[in-house]
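Data first, discussion second: the structure below is written as structure tokens.
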Amino acid sequence: MADAAILPLPAMPETRVRDLIATAGELIRVLGEETAALAGFRLGRVGEFAEAKRRLADSYATLVRGMRKEPETLAAAGAAVRDELRATLQRFDEVAQLNERALAAARAANERVLKTVVEAAEAKRPTTGAYSRAGTVTRPSQLATGALSLTVDRRL
């Protein structure tokens, strides 16, 4: 027979629900910071949030799956804790939607800038000459001076 002192105790229902509340709260904070960085056109900071978002999203998904598998856990938690969870998840949904819109707007802005740069580069690119009847190459009247150098940072 196993010694009861060394067996792990099952997590109390309120503890498991509070873990979900804390994880969602941390996701809210990270998404809020990322949204603020996007709104402030500090696109270089977006990469800072990727690992934290991935880690927190994984934890969140694991906790939600656990709650779905054992609905009695949520039912056993006190009404105040369930109300706190409901409010936190509603706030999470709001912040996630704001973040999604900010990411989509930043992505669209980056695509427009890139398209404008490409169009400008193509307009400056000299066309190749054409052969004349005499077999010589006729040069276009407007040649771009110098080489075009372009660097694109595809992070977002």
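Identifiers in this document derive from the order of the structure tokens: chains are assigned A, B, ..., residues are numbered from 1 separately in each chain, and ligands are numbered from 1 in order of occurrence.
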Contacts of stretch 13-57 of chain A with stretch 76-89 of chain A up to 6 Å, shortest pair per row, only C-alpha atoms, as a Markdown table:
```
| residue | atom | partner | partner_atom | distance |
| --- | --- | --- | --- | --- |
| A:Pro13 | CA | A:Ala77 | CA | 5.4 |
| A:Glu14 | CA | A:Ala77 | CA | 4.9 |
| A:Ile21 | CA | A:Leu85 | CA | 5.7 |
```
Suppose we keep N, CA and C atoms; can you now write the selection as an mmCIF file, in the first residue's frame?
```
data_model
loop_
_atom_site.group_PDB
_atom_site.id
_atom_site.type_symbol
_atom_site.label_atom_id
_atom_site.label_comp_id
_atom_site.auth_asym_id
_atom_site.auth_seq_id
_atom_site.Cartn_x
_atom_site.Cartn_y
_atom_site.Cartn_z
ATOM 1 N N PRO A 13 -10.404 22.626 -6.271
ATOM 2 C CA PRO A 13 -11.093 23.249 -7.410
ATOM 3 C C PRO A 13 -10.819 24.744 -7.534
ATOM 4 N N GLU A 14 -10.875 25.479 -6.437
ATOM 5 C CA GLU A 14 -10.643 26.919 -6.508
ATOM 6 C C GLU A 14 -9.214 27.228 -6.939
ATOM 7 N N ILE A 21 -7.476 31.813 -14.023
ATOM 8 C CA ILE A 21 -7.648 33.268 -13.920
ATOM 9 C C ILE A 21 -6.302 33.968 -14.016
#
```
Give me the stretch 65-117 of chain A side of the contact with stretch 30-53 of chain A, cut-off 7 Å, one line per residue showing its nearest atom pair and distance in Å at one decimal, counting only C-alpha atoms, sorted by chain and residue number, as a tab-separated table.
```
residue	atom	partner	partner_atom	distance
A:Val95	CA	A:Gly32	CA	6.6
A:Ala96	CA	A:Leu31	CA	6.7
A:Asn99	CA	A:Thr35	CA	5.2
A:Ala102	CA	A:Thr35	CA	6.1
A:Ala106	CA	A:Leu38	CA	6.9
```
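Distance-wise, atom CA of A:Leu63 and atom CA of A:Leu20 end up 6.1 Å apart.
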